$ cat protein36.pdb   # PDB, C-alpha atoms and all ligand atoms
ATOM      1  CA  MET A   1     -75.852 -74.951 180.010
ATOM      2  CA  GLU A   2     -76.304 -78.077 177.996
ATOM      3  CA  VAL A   3     -74.026 -79.558 175.347
ATOM      4  CA  ASN A   4     -75.432 -82.335 173.177
ATOM      5  CA  ASN A   5     -73.340 -84.472 170.831
ATOM      6  CA  LEU A   6     -70.842 -81.691 170.175
ATOM      7  CA  ILE A   7     -68.416 -82.266 167.321
ATOM      8  CA  THR A   8     -65.722 -79.637 166.736
ATOM      9  CA  GLU A   9     -63.380 -79.952 163.761
ATOM     10  CA  PHE A  10     -60.397 -78.120 162.382
ATOM     11  CA  ARG A  11     -59.806 -77.688 158.689
ATOM     12  CA  THR A  12     -56.183 -78.418 157.928
ATOM     13  CA  ALA A  13     -54.123 -78.970 154.799
ATOM     14  CA  ASP A  14     -54.457 -82.727 155.439
ATOM     15  CA  GLY A  15     -58.234 -82.613 155.719
ATOM     16  CA  ASN A  16     -60.579 -82.117 158.654
ATOM     17  CA  VAL A  17     -59.527 -83.336 162.086
ATOM     18  CA  GLN A  18     -61.906 -83.800 164.978
ATOM     19  CA  ALA A  19     -60.850 -82.280 168.296
ATOM     20  CA  VAL A  20     -64.151 -82.893 170.083
ATOM     21  CA  ARG A  21     -65.928 -86.117 169.198
ATOM     22  CA  ASP A  22     -69.592 -86.352 170.060
ATOM     23  CA  VAL A  23     -69.437 -85.007 173.612
ATOM     24  CA  SER A  24     -72.524 -84.347 175.783
ATOM     25  CA  PHE A  25     -72.752 -82.837 179.274
ATOM     26  CA  PHE A  26     -74.487 -80.136 181.280
ATOM     27  CA  VAL A  27     -73.665 -77.619 184.008
ATOM     28  CA  LYS A  28     -76.339 -76.511 186.465
ATOM     29  CA  LYS A  29     -76.490 -73.250 188.392
ATOM     30  CA  GLY A  30     -74.581 -73.399 191.668
ATOM     31  CA  GLU A  31     -72.430 -76.397 190.736
ATOM     32  CA  THR A  32     -68.912 -76.912 189.433
ATOM     33  CA  LEU A  33     -68.282 -79.395 186.667
ATOM     34  CA  CYS A  34     -64.590 -80.181 186.279
ATOM     35  CA  ILE A  35     -63.449 -81.260 182.857
ATOM     36  CA  VAL A  36     -60.226 -83.140 183.321
ATOM     37  CA  GLY A  37     -57.689 -84.711 180.992
ATOM     38  CA  GLU A  38     -54.172 -84.316 179.618
ATOM     39  CA  SER A  39     -53.404 -81.351 177.384
ATOM     40  CA  GLY A  40     -54.688 -82.047 173.895
ATOM     41  CA  CYS A  41     -57.674 -84.125 175.075
ATOM     42  CA  GLY A  42     -60.174 -81.576 173.744
ATOM     43  CA  LYS A  43     -61.114 -79.854 177.004
ATOM     44  CA  SER A  44     -60.019 -76.350 175.996
ATOM     45  CA  ILE A  45     -61.524 -76.714 172.514
ATOM     46  CA  THR A  46     -64.813 -77.682 174.174
ATOM     47  CA  SER A  47     -64.812 -74.419 176.126
ATOM     48  CA  LEU A  48     -63.797 -72.315 173.118
ATOM     49  CA  SER A  49     -66.660 -73.943 171.174
ATOM     50  CA  ILE A  50     -69.089 -72.843 173.890
ATOM     51  CA  MET A  51     -67.671 -69.324 173.976
ATOM     52  CA  GLY A  52     -67.751 -68.966 170.190
ATOM     53  CA  LEU A  53     -64.019 -68.277 170.270
ATOM     54  CA  LEU A  54     -62.689 -71.043 168.008
ATOM     55  CA  PRO A  55     -59.774 -70.117 165.775
ATOM     56  CA  ASN A  56     -60.638 -69.375 162.150
ATOM     57  CA  ASN A  57     -60.135 -72.918 160.926
ATOM     58  CA  GLY A  58     -62.282 -74.404 163.707
ATOM     59  CA  ILE A  59     -65.950 -75.251 163.166
ATOM     60  CA  ILE A  60     -68.727 -76.850 165.147
ATOM     61  CA  SER A  61     -69.818 -79.513 162.694
ATOM     62  CA  GLY A  62     -72.314 -81.394 164.818
ATOM     63  CA  GLY A  63     -74.493 -81.244 167.898
ATOM     64  CA  GLU A  64     -75.841 -78.301 169.836
ATOM     65  CA  ILE A  65     -74.971 -76.003 172.734
ATOM     66  CA  LYS A  66     -77.840 -74.552 174.752
ATOM     67  CA  TYR A  67     -77.866 -71.897 177.423
ATOM     68  CA  GLU A  68     -81.130 -71.548 179.346
ATOM     69  CA  ASN A  69     -82.777 -73.617 176.604
ATOM     70  CA  GLN A  70     -81.640 -71.278 173.859
ATOM     71  CA  ALA A  71     -79.382 -72.721 171.150
ATOM     72  CA  ILE A  72     -76.210 -70.621 171.188
ATOM     73  CA  HIS A  73     -73.882 -72.526 168.844
ATOM     74  CA  ALA A  74     -75.431 -71.010 165.738
ATOM     75  CA  LEU A  75     -75.585 -67.361 166.864
ATOM     76  CA  ASN A  76     -73.936 -64.770 164.641
ATOM     77  CA  ALA A  77     -70.762 -62.978 165.713
ATOM     78  CA  GLU A  78     -72.609 -59.987 167.190
ATOM     79  CA  GLU A  79     -75.023 -62.164 169.195
ATOM     80  CA  LYS A  80     -72.126 -64.276 170.476
ATOM     81  CA  ARG A  81     -70.295 -61.167 171.576
ATOM     82  CA  LYS A  82     -73.362 -60.083 173.575
ATOM     83  CA  LEU A  83     -73.638 -63.520 175.172
ATOM     84  CA  ARG A  84     -70.007 -63.498 176.299
ATOM     85  CA  GLY A  85     -69.661 -61.649 179.523
ATOM     86  CA  SER A  86     -73.365 -61.158 180.120
ATOM     87  CA  LYS A  87     -74.364 -64.853 180.256
ATOM     88  CA  ILE A  88     -71.147 -66.839 179.976
ATOM     89  CA  SER A  89     -67.709 -65.566 181.008
ATOM     90  CA  MET A  90     -64.324 -67.131 180.791
ATOM     91  CA  ILE A  91     -61.050 -66.836 182.662
ATOM     92  CA  PHE A  92     -57.774 -68.170 181.330
ATOM     93  CA  GLN A  93     -54.509 -69.581 182.591
ATOM     94  CA  GLU A  94     -52.390 -66.508 181.996
ATOM     95  CA  PRO A  95     -54.191 -63.335 183.034
ATOM     96  CA  MET A  96     -51.441 -61.199 181.505
ATOM     97  CA  THR A  97     -52.527 -62.255 178.016
ATOM     98  CA  ALA A  98     -56.177 -61.454 178.692
ATOM     99  CA  LEU A  99     -55.619 -58.095 180.386
ATOM    100  CA  ASN A 100     -54.611 -55.178 178.202
ATOM    101  CA  PRO A 101     -51.133 -54.079 179.397
ATOM    102  CA  VAL A 102     -51.519 -50.446 178.312
ATOM    103  CA  LEU A 103     -54.867 -49.786 180.012
ATOM    104  CA  THR A 104     -55.410 -49.293 183.742
ATOM    105  CA  ILE A 105     -57.326 -51.881 185.752
ATOM    106  CA  GLY A 106     -60.002 -49.224 186.258
ATOM    107  CA  TYR A 107     -60.413 -48.596 182.545
ATOM    108  CA  GLN A 108     -60.766 -52.318 181.872
ATOM    109  CA  LEU A 109     -63.223 -52.813 184.721
ATOM    110  CA  ARG A 110     -65.415 -49.821 183.855
ATOM    111  CA  GLU A 111     -65.809 -50.916 180.251
ATOM    112  CA  PRO A 112     -68.092 -53.951 180.806
ATOM    113  CA  PHE A 113     -70.369 -51.935 183.099
ATOM    114  CA  MET A 114     -70.667 -49.153 180.574
ATOM    115  CA  LEU A 115     -71.247 -51.764 177.846
ATOM    116  CA  HIS A 116     -73.579 -54.250 179.548
ATOM    117  CA  HIS A 117     -75.349 -52.020 182.037
ATOM    118  CA  LYS A 118     -75.243 -48.704 180.170
ATOM    119  CA  VAL A 119     -74.062 -46.711 183.177
ATOM    120  CA  ASN A 120     -71.861 -43.591 183.158
ATOM    121  CA  LYS A 121     -68.171 -43.536 184.015
ATOM    122  CA  LYS A 122     -68.635 -42.479 187.619
ATOM    123  CA  GLN A 123     -71.150 -45.231 188.372
ATOM    124  CA  ALA A 124     -69.009 -47.755 186.506
ATOM    125  CA  ASN A 125     -66.079 -46.756 188.699
ATOM    126  CA  ILE A 126     -68.080 -47.389 191.860
ATOM    127  CA  GLN A 127     -69.166 -50.781 190.565
ATOM    128  CA  GLY A 128     -65.606 -51.631 189.528
ATOM    129  CA  ILE A 129     -64.358 -50.901 193.043
ATOM    130  CA  GLU A 130     -67.203 -53.032 194.470
ATOM    131  CA  LEU A 131     -66.126 -55.954 192.268
ATOM    132  CA  LEU A 132     -62.487 -55.657 193.309
ATOM    133  CA  LYS A 133     -63.661 -55.840 196.924
ATOM    134  CA  GLN A 134     -65.773 -58.881 196.103
ATOM    135  CA  VAL A 135     -62.760 -60.751 194.717
ATOM    136  CA  GLY A 136     -60.691 -59.857 197.779
ATOM    137  CA  ILE A 137     -58.389 -57.156 196.411
ATOM    138  CA  PRO A 138     -57.131 -54.772 199.112
ATOM    139  CA  TYR A 139     -57.014 -51.002 198.444
ATOM    140  CA  PRO A 140     -59.334 -51.274 195.415
ATOM    141  CA  GLU A 141     -59.379 -47.492 194.774
ATOM    142  CA  LYS A 142     -55.600 -47.522 194.371
ATOM    143  CA  ARG A 143     -55.683 -50.664 192.200
ATOM    144  CA  MET A 144     -58.137 -49.071 189.784
ATOM    145  CA  LYS A 145     -55.424 -46.577 188.820
ATOM    146  CA  GLN A 146     -52.695 -49.197 188.317
ATOM    147  CA  TYR A 147     -51.601 -51.138 185.247
ATOM    148  CA  PRO A 148     -51.597 -54.966 185.068
ATOM    149  CA  HIS A 149     -47.795 -55.246 185.379
ATOM    150  CA  GLU A 150     -47.939 -53.475 188.747
ATOM    151  CA  LEU A 151     -49.915 -56.401 190.215
ATOM    152  CA  SER A 152     -48.752 -59.867 191.296
ATOM    153  CA  GLY A 153     -49.895 -62.970 189.359
ATOM    154  CA  GLY A 154     -52.491 -63.834 191.994
ATOM    155  CA  MET A 155     -53.869 -60.269 192.041
ATOM    156  CA  ARG A 156     -54.051 -60.248 188.243
ATOM    157  CA  GLN A 157     -56.055 -63.474 188.308
ATOM    158  CA  ARG A 158     -58.417 -61.849 190.842
ATOM    159  CA  VAL A 159     -58.811 -58.891 188.471
ATOM    160  CA  MET A 160     -59.609 -61.339 185.655
ATOM    161  CA  ILE A 161     -62.267 -62.947 187.815
ATOM    162  CA  ALA A 162     -63.670 -59.502 188.655
ATOM    163  CA  LEU A 163     -63.811 -58.719 184.929
ATOM    164  CA  ALA A 164     -65.526 -62.027 184.222
ATOM    165  CA  LEU A 165     -68.150 -61.264 186.875
ATOM    166  CA  ALA A 166     -68.882 -57.732 185.685
ATOM    167  CA  GLY A 167     -71.701 -58.786 183.362
ATOM    168  CA  ASN A 168     -73.353 -61.010 186.008
ATOM    169  CA  PRO A 169     -72.873 -64.266 184.094
ATOM    170  CA  GLY A 170     -74.800 -67.446 184.928
ATOM    171  CA  LEU A 171     -71.859 -69.591 183.886
ATOM    172  CA  LEU A 172     -68.158 -69.073 184.489
ATOM    173  CA  ILE A 173     -65.722 -71.102 182.411
ATOM    174  CA  ALA A 174     -62.296 -71.335 184.021
ATOM    175  CA  ASP A 175     -59.569 -72.856 181.848
ATOM    176  CA  GLU A 176     -56.609 -73.881 184.043
ATOM    177  CA  PRO A 177     -56.888 -70.554 185.908
ATOM    178  CA  THR A 178     -54.364 -71.467 188.603
ATOM    179  CA  THR A 179     -51.732 -73.381 186.642
ATOM    180  CA  ALA A 180     -49.370 -70.393 186.438
ATOM    181  CA  LEU A 181     -49.645 -69.579 190.157
ATOM    182  CA  ASP A 182     -47.737 -70.917 193.130
ATOM    183  CA  VAL A 183     -49.504 -73.347 195.431
ATOM    184  CA  THR A 184     -50.558 -70.944 198.201
ATOM    185  CA  ILE A 185     -52.000 -68.427 195.760
ATOM    186  CA  GLN A 186     -53.604 -71.284 193.808
ATOM    187  CA  ALA A 187     -55.456 -72.405 196.941
ATOM    188  CA  GLN A 188     -56.697 -68.853 197.551
ATOM    189  CA  ILE A 189     -58.017 -68.500 193.995
ATOM    190  CA  LEU A 190     -59.781 -71.892 194.208
ATOM    191  CA  ASP A 191     -61.400 -70.782 197.490
ATOM    192  CA  LEU A 192     -62.482 -67.555 195.849
ATOM    193  CA  ILE A 193     -64.077 -69.378 192.909
ATOM    194  CA  ASN A 194     -65.848 -71.773 195.286
ATOM    195  CA  SER A 195     -67.254 -68.974 197.413
ATOM    196  CA  LEU A 196     -68.349 -66.867 194.415
ATOM    197  CA  LYS A 197     -70.098 -69.904 192.935
ATOM    198  CA  GLU A 198     -72.159 -70.228 196.095
ATOM    199  CA  LYS A 199     -72.760 -66.557 196.704
ATOM    200  CA  LEU A 200     -73.772 -65.787 193.114
ATOM    201  CA  ASP A 201     -75.408 -69.199 192.417
ATOM    202  CA  MET A 202     -73.316 -69.471 189.269
ATOM    203  CA  GLY A 203     -72.524 -72.584 187.298
ATOM    204  CA  VAL A 204     -68.779 -73.148 186.947
ATOM    205  CA  MET A 205     -67.115 -75.219 184.261
ATOM    206  CA  PHE A 206     -63.571 -75.752 185.472
ATOM    207  CA  ILE A 207     -60.959 -77.146 183.107
ATOM    208  CA  THR A 208     -57.843 -78.711 184.531
ATOM    209  CA  HIS A 209     -55.305 -81.502 184.129
ATOM    210  CA  ASP A 210     -54.716 -81.580 187.881
ATOM    211  CA  MET A 211     -56.633 -84.132 189.986
ATOM    212  CA  GLY A 212     -55.628 -82.242 193.147
ATOM    213  CA  VAL A 213     -57.482 -79.189 191.842
ATOM    214  CA  VAL A 214     -60.468 -81.377 190.894
ATOM    215  CA  ALA A 215     -60.695 -82.571 194.500
ATOM    216  CA  GLU A 216     -60.779 -78.935 195.694
ATOM    217  CA  VAL A 217     -63.462 -77.558 193.417
ATOM    218  CA  ALA A 218     -65.572 -80.204 191.676
ATOM    219  CA  ASP A 219     -69.138 -81.240 192.386
ATOM    220  CA  ARG A 220     -69.149 -83.395 189.269
ATOM    221  CA  VAL A 221     -66.290 -84.564 187.068
ATOM    222  CA  MET A 222     -66.075 -85.348 183.375
ATOM    223  CA  VAL A 223     -62.915 -87.072 182.160
ATOM    224  CA  MET A 224     -61.895 -86.592 178.522
ATOM    225  CA  TYR A 225     -59.471 -88.552 176.412
ATOM    226  CA  GLY A 226     -58.620 -88.089 172.743
ATOM    227  CA  GLY A 227     -61.570 -85.754 172.145
ATOM    228  CA  LYS A 228     -64.099 -88.029 173.859
ATOM    229  CA  LYS A 229     -65.815 -88.111 177.212
ATOM    230  CA  ILE A 230     -64.762 -91.389 178.782
ATOM    231  CA  GLU A 231     -66.145 -91.108 182.313
ATOM    232  CA  GLU A 232     -68.477 -88.823 184.231
ATOM    233  CA  GLY A 233     -69.826 -88.805 187.761
ATOM    234  CA  SER A 234     -69.970 -87.010 191.093
ATOM    235  CA  VAL A 235     -66.590 -86.120 192.561
ATOM    236  CA  GLU A 236     -67.121 -88.819 195.233
ATOM    237  CA  GLU A 237     -67.854 -91.493 192.607
ATOM    238  CA  ILE A 238     -64.869 -90.543 190.465
ATOM    239  CA  PHE A 239     -62.406 -90.494 193.361
ATOM    240  CA  ASN A 240     -63.794 -93.489 195.271
ATOM    241  CA  GLN A 241     -65.036 -95.680 192.419
ATOM    242  CA  PRO A 242     -63.139 -94.719 189.276
ATOM    243  CA  ARG A 243     -63.914 -97.299 186.597
ATOM    244  CA  HIS A 244     -62.332 -96.313 183.293
ATOM    245  CA  PRO A 245     -58.706 -97.546 183.063
ATOM    246  CA  TYR A 246     -57.618 -94.043 182.009
ATOM    247  CA  THR A 247     -59.308 -92.360 185.018
ATOM    248  CA  ILE A 248     -57.712 -94.933 187.308
ATOM    249  CA  GLY A 249     -54.366 -94.139 185.651
ATOM    250  CA  LEU A 250     -54.872 -90.396 186.167
ATOM    251  CA  LEU A 251     -55.610 -90.930 189.863
ATOM    252  CA  ASN A 252     -52.603 -93.220 190.276
ATOM    253  CA  SER A 253     -50.322 -90.613 188.772
ATOM    254  CA  VAL A 254     -51.178 -88.081 191.516
ATOM    255  CA  PRO A 255     -48.764 -88.157 194.456
ATOM    256  CA  ASN A 256     -50.446 -89.166 197.716
ATOM    257  CA  VAL A 257     -48.723 -87.419 200.603
ATOM    258  CA  ASP A 258     -50.716 -89.296 203.261
ATOM    259  CA  ASP A 259     -49.658 -92.736 202.124
ATOM    260  CA  PRO A 260     -45.930 -93.536 202.395
ATOM    261  CA  GLU A 261     -46.446 -96.862 200.569
ATOM    262  CA  PHE A 262     -47.995 -95.136 197.587
ATOM    263  CA  GLU A 263     -46.078 -95.514 194.349
ATOM    264  CA  LEU A 264     -46.523 -93.158 191.447
ATOM    265  CA  GLU A 265     -47.577 -94.957 188.316
ATOM    266  CA  PRO A 266     -47.413 -92.843 185.197
ATOM    267  CA  ILE A 267     -49.731 -93.917 182.391
ATOM    268  CA  PRO A 268     -47.546 -95.501 179.704
ATOM    269  CA  GLY A 269     -47.619 -94.026 176.209
ATOM    270  CA  SER A 270     -48.869 -90.612 175.234
ATOM    271  CA  LEU A 271     -52.058 -88.949 174.116
ATOM    272  CA  PRO A 272     -52.823 -89.532 170.425
ATOM    273  CA  SER A 273     -52.479 -86.502 168.165
ATOM    274  CA  LEU A 274     -55.690 -85.174 166.671
ATOM    275  CA  THR A 275     -54.750 -86.406 163.217
ATOM    276  CA  GLU A 276     -53.967 -89.941 164.341
ATOM    277  CA  GLN A 277     -56.496 -92.496 163.086
ATOM    278  CA  ILE A 278     -57.317 -94.889 165.905
ATOM    279  CA  SER A 279     -59.942 -97.559 165.455
ATOM    280  CA  GLY A 280     -62.232 -98.680 168.266
ATOM    281  CA  CYS A 281     -61.564 -97.284 171.738
ATOM    282  CA  ARG A 282     -59.172 -94.345 171.420
ATOM    283  CA  PHE A 283     -57.386 -95.429 174.594
ATOM    284  CA  HIS A 284     -56.683 -98.972 173.369
ATOM    285  CA  PRO A 285     -53.009 -98.438 172.383
ATOM    286  CA  ARG A 286     -52.292 -97.513 176.026
ATOM    287  CA  CYS A 287     -54.729 -99.836 177.769
ATOM    288  CA  GLN A 288     -53.473-102.985 179.462
ATOM    289  CA  PHE A 289     -56.967-104.529 179.242
ATOM    290  CA  ALA A 290     -57.519-103.945 175.519
ATOM    291  CA  THR A 291     -59.199-106.821 173.671
ATOM    292  CA  GLU A 292     -59.944-107.456 170.024
ATOM    293  CA  GLN A 293     -63.350-105.844 170.490
ATOM    294  CA  CYS A 294     -61.685-102.685 171.913
ATOM    295  CA  ARG A 295     -59.435-102.436 168.865
ATOM    296  CA  ILE A 296     -62.345-102.683 166.427
ATOM    297  CA  THR A 297     -65.398-101.025 167.956
ATOM    298  CA  ALA A 298     -65.599 -97.850 170.023
ATOM    299  CA  PRO A 299     -67.418 -98.364 173.346
ATOM    300  CA  THR A 300     -70.597 -96.361 173.933
ATOM    301  CA  GLU A 301     -71.486 -94.473 177.086
ATOM    302  CA  PHE A 302     -72.973 -96.742 179.719
ATOM    303  CA  GLU A 303     -74.582 -95.825 183.033
ATOM    304  CA  ILE A 304     -73.425 -98.019 185.895
ATOM    305  CA  GLY A 305     -75.714 -96.329 188.448
ATOM    306  CA  ASN A 306     -75.538 -93.198 190.652
ATOM    307  CA  ASP A 307     -75.410 -91.000 187.534
ATOM    308  CA  HIS A 308     -71.981 -92.477 186.878
ATOM    309  CA  ASN A 309     -71.293 -93.017 183.165
ATOM    310  CA  VAL A 310     -68.373 -94.838 181.610
ATOM    311  CA  SER A 311     -67.350 -95.606 178.036
ATOM    312  CA  CYS A 312     -65.417 -98.853 178.310
ATOM    313  CA  TRP A 313     -66.185-102.390 177.118
ATOM    314  CA  LEU A 314     -64.553-103.922 180.163
ATOM    315  CA  VAL A 315     -66.701-101.929 182.590
ATOM    316  CA  GLU A 316     -69.839-102.641 180.609
ATOM    317  CA  GLU A 317     -69.099-106.362 180.605
ATOM    318  CA  GLU A 318     -68.289-106.439 184.328
ATOM    319  CA  ALA A 319     -71.443-104.497 185.073
ATOM    320  CA  SER A 320     -73.651-106.897 183.144
ATOM    321  CA  ASN A 321     -71.928-109.930 184.714
ATOM    322  CA  ASN A 322     -72.333-108.870 188.322
ATOM    323  CA  GLY A 323     -75.725-107.278 187.888
ATOM    324  CA  ARG A 324     -74.620-103.793 188.903
ATOM    325  CA  ALA A 325     -75.686-102.625 185.485
ATOM    326  CA  ILE A 326     -79.021-100.970 185.274
ATOM    327  CA  GLY A 327     -78.856-101.785 181.603
ATOM    328  CA  VAL A 328     -79.055 -98.360 180.063
ATOM    329  CA  ALA A 329     -76.643 -97.864 177.227
ATOM    330  CA  LYS A 330     -76.787 -94.199 176.234
TER
HETATM  331 FE1  LIG A 401     -59.346-100.395 177.648
HETATM  332 FE2  LIG A 401     -61.090-101.586 176.042
HETATM  333 FE3  LIG A 401     -61.970-100.121 178.056
HETATM  334 FE4  LIG A 401     -60.849 -98.968 175.947
HETATM  335  S1  LIG A 401     -62.755-100.128 175.964
HETATM  336  S2  LIG A 401     -60.454 -98.486 178.071
HETATM  337  S3  LIG A 401     -59.267-100.437 175.437
HETATM  338  S4  LIG A 401     -60.787-102.012 178.204
HETATM  339 MG    MG A 402     -55.710 -76.246 177.474
END
$ encode --input "protein36.pdb" --output "structure tokens"
Amino acid sequence: MEVNNLITEFRTADGNVQAVRDVSFFVKKGETLCIVGESGCGKSITSLSIMGLLPNNGIISGGEIKYENQAIHALNAEEKRKLRGSKISMIFQEPMTALNPVLTIGYQLREPFMLHHKVNKKQANIQGIELLKQVGIPYPEKRMKQYPHELSGGMRQRVMIALALAGNPGLLIADEPTTALDVTIQAQILDLINSLKEKLDMGVMFITHDMGVVAEVADRVMVMYGGKKIEEGSVEEIFNQPRHPYTIGLLNSVPNVDDPEFELEPIPGSLPSLTEQISGCRFHPRCQFATEQCRITAPTEFEIGNDHNVSCWLVEEEASNNGRAIGVAK
């Protein structure tokens, strides 16, 4: 999946506000891209734009989204519905809101098979049970007859993942899927997603605010701030060589249990609201390195090497001074 120069806006009484501002990235089969940032940074709106699930006042007003080289942002409602589940699936933070409380797990699991694969109820049942096994649910035959409220939070999230896999998607979008779960269950679900990614050679786009989760699942990381991508690179690059002051701040605000000397440093200030007009770099009101240039002109994306991209004047200047720059402003 490839996203090029995506702009997503919301129509409000005060005019249009941009939630996603000219963002480009890709996800390959068999890899996990983590999109990380504080809530309100545009990461969930990016995924809803891809899924064609924006609220009524949301529109994609620029750029393109491609899946297997086919433009999918301009599909009609019926075509988008077909795409969801069969090519791209999504799991959410709270499985209770995505599962229908009055239908059995079996009913909900048979439906996608009957819809996408045109099989009869009996065959769909067999495939549903297979899927429950695949996501590590014990006694799947019994679970098929139960209702969502009869399952624990972790089991419900496994059912959601099973549902998402029913159409054999090439891309799984997971939006904070473990935030509502306790730590042990969270680790199990992350393991499950990792192993399914490898087994099914799926691309995974994983949205989170939690750097600990990023370390567990990411192959590549994209950091967003105020609707923009501000840094992108392999998980090793981002954790070992973070360059954008905001990324460095995010990493410093994660507790480090191995280092007793480590002091938590929260990032001062708060994320700008979507309606807030901020000139230049959108992080400048919170950045201790902000210069006049930062306040006036927005930095452009700059590759510092190793497929590591940063949007920051300071980094670009340092790179050109010490020669690390390969000189490609994108
Ligand atoms: Fe800070 Fe300027 Fe870099 Fe923005 S461009 S992060 S304000 S140094
Ligand atoms: Mg969100």
$ closest_residue --input "protein36.pdb" --among "A:Phe92, A:Phe289, A:Phe25, A:Tyr225" --to "Arg158 of chain A" --atoms "all atoms listed in the file"
A:Phe92
$ axis_aligned_box --input "protein36.pdb" --around "segment 181-188 of chain A" --padding-each-side "3 Å" --output "JSON"
{"center_x": -52.2, "center_y": -70.9, "center_z": 194.2, "size_x": 15.0, "size_y": 10.9, "size_z": 14.0}
$ closest_residue --input "protein36.pdb" --among "A:Thr104, A:Thr179, A:Asn120, A:Ser47" --to "Arg143 of chain A" --atoms "only C-alpha atoms"
A:Thr104
$ closest_residue --input "protein36.pdb" --among "A:Arg295, A:Lys82, A:His209, A:Lys28" --to "His117 of chain A" --atoms "all atoms listed in the file"
A:Lys82
$ resolve_selection --input "protein36.pdb" --expression "the PyMOL selection byres (((not hetatm)) within 9 of (chain A and resi 402))" --output "number ranges by chain"
A: 38-45, 93, 175-176, 207-209
$ write_last_selection --input "protein36.pdb" --atoms "C-alpha atoms" --output "tab-separated table (two decimals), in the frame of the given file"
chain	number	residue	atom	x	y	z
A	38	GLU	CA	-54.17	-84.32	179.62
A	39	SER	CA	-53.40	-81.35	177.38
A	40	GLY	CA	-54.69	-82.05	173.90
A	41	CYS	CA	-57.67	-84.12	175.08
A	42	GLY	CA	-60.17	-81.58	173.74
A	43	LYS	CA	-61.11	-79.85	177.00
A	44	SER	CA	-60.02	-76.35	176.00
A	45	ILE	CA	-61.52	-76.71	172.51
A	93	GLN	CA	-54.51	-69.58	182.59
A	175	ASP	CA	-59.57	-72.86	181.85
A	176	GLU	CA	-56.61	-73.88	184.04
A	207	ILE	CA	-60.96	-77.15	183.11
A	208	THR	CA	-57.84	-78.71	184.53
A	209	HIS	CA	-55.30	-81.50	184.13
$ residues_around --input "protein36.pdb" --residues "Tyr107 of chain A" --least-positions-apart "3" --cutoff "10 Å" --atoms "only C-alpha atoms" --output "PyMOL selection string"
chain A and resi 100+103-104+110-112+121+124-125+128+144-147
$ closest_atom_pairs --input "protein36.pdb" --of "chain A" --to "ligand LIG 401 (chain A)" --cutoff "6 Å" --atoms "all atoms listed in the file" --output "CSV"
residue,atom,partner,partner_atom,distance
A:His244,CA,A:LIG401,S2,6.0
A:Pro245,CA,A:LIG401,S2,5.4
A:Cys281,CA,A:LIG401,FE4,4.6
A:Phe283,CA,A:LIG401,FE4,5.1
A:His284,CA,A:LIG401,S3,3.6
A:Cys287,CA,A:LIG401,FE1,4.7
A:Phe289,CA,A:LIG401,S4,4.7
A:Ala290,CA,A:LIG401,S3,3.9
A:Cys294,CA,A:LIG401,FE2,4.3
A:Pro299,CA,A:LIG401,S1,5.6
A:Cys312,CA,A:LIG401,FE3,3.7
A:Trp313,CA,A:LIG401,S1,4.3
A:Leu314,CA,A:LIG401,S4,4.7
$ closest_residue --input "protein36.pdb" --among "A:Ile173, A:Leu132, A:Ala180, A:Val235" --to "Gly203 of chain A" --atoms "all atoms listed in the file"
A:Ile173
$ atom_distance --input "protein36.pdb" --atom1 "atom CA of Val217 of chain A" --atom2 "atom CA of Val3 of chain A"
21.0 Å
$ atom_distance --input "protein36.pdb" --atom1 "atom CA of Gly280 of chain A" --atom2 "atom CA of Tyr246 of chain A"
15.2 Å
$ resolve_selection --input "protein36.pdb" --expression "the PyMOL selection byres (((chain A and resi 50) around 10) and not hetatm)" --output "compact mmCIF listing (two decimals) with C-alpha atoms, in the coordinates of the input"
# COMPACT_ATOMS: atom_id res chain seq x y z
CA MET A 1 -75.85 -74.95 180.01
CA GLU A 2 -76.30 -78.08 178.00
CA VAL A 3 -74.03 -79.56 175.35
CA LEU A 6 -70.84 -81.69 170.18
CA SER A 44 -60.02 -76.35 176.00
CA ILE A 45 -61.52 -76.71 172.51
CA THR A 46 -64.81 -77.68 174.17
CA SER A 47 -64.81 -74.42 176.13
CA LEU A 48 -63.80 -72.32 173.12
CA SER A 49 -66.66 -73.94 171.17
CA MET A 51 -67.67 -69.32 173.98
CA GLY A 52 -67.75 -68.97 170.19
CA LEU A 53 -64.02 -68.28 170.27
CA LEU A 54 -62.69 -71.04 168.01
CA ILE A 60 -68.73 -76.85 165.15
CA GLU A 64 -75.84 -78.30 169.84
CA ILE A 65 -74.97 -76.00 172.73
CA LYS A 66 -77.84 -74.55 174.75
CA TYR A 67 -77.87 -71.90 177.42
CA ILE A 72 -76.21 -70.62 171.19
CA HIS A 73 -73.88 -72.53 168.84
CA LYS A 80 -72.13 -64.28 170.48
CA ARG A 84 -70.01 -63.50 176.30
CA ILE A 88 -71.15 -66.84 179.98
CA ILE A 173 -65.72 -71.10 182.41
$ closest_residue --input "protein36.pdb" --among "A:Asp14, A:Glu316, A:Asp201, A:Asp219" --to "Thr32 of chain A" --atoms "all atoms listed in the file"
A:Asp219
$ resolve_selection --input "protein36.pdb" --expression "the PyMOL selection byres (((chain A and resi 167) around 8) and not hetatm)" --output "PyMOL selection string"
chain A and resi 85-87+112-113+116-117+164-166+168-169
$ closest_residue --input "protein36.pdb" --among "A:Thr8, A:Leu251, A:Ile189, A:Lys29" --to "Ala162 of chain A" --atoms "only C-alpha atoms"
A:Ile189
$ residues_around --input "protein36.pdb" --residues "Lys133 of chain A" --least-positions-apart "3" --cutoff "12 Å" --atoms "all atoms listed in the file" --output "NGL selection string"
:A and (126-130 or 136-144 or 155 or 158-159 or 161-162 or 192)
$ atom_distance --input "protein36.pdb" --atom1 "atom CA of Ser195 of chain A" --atom2 "atom CA of Gln241 of chain A"
27.3 Å
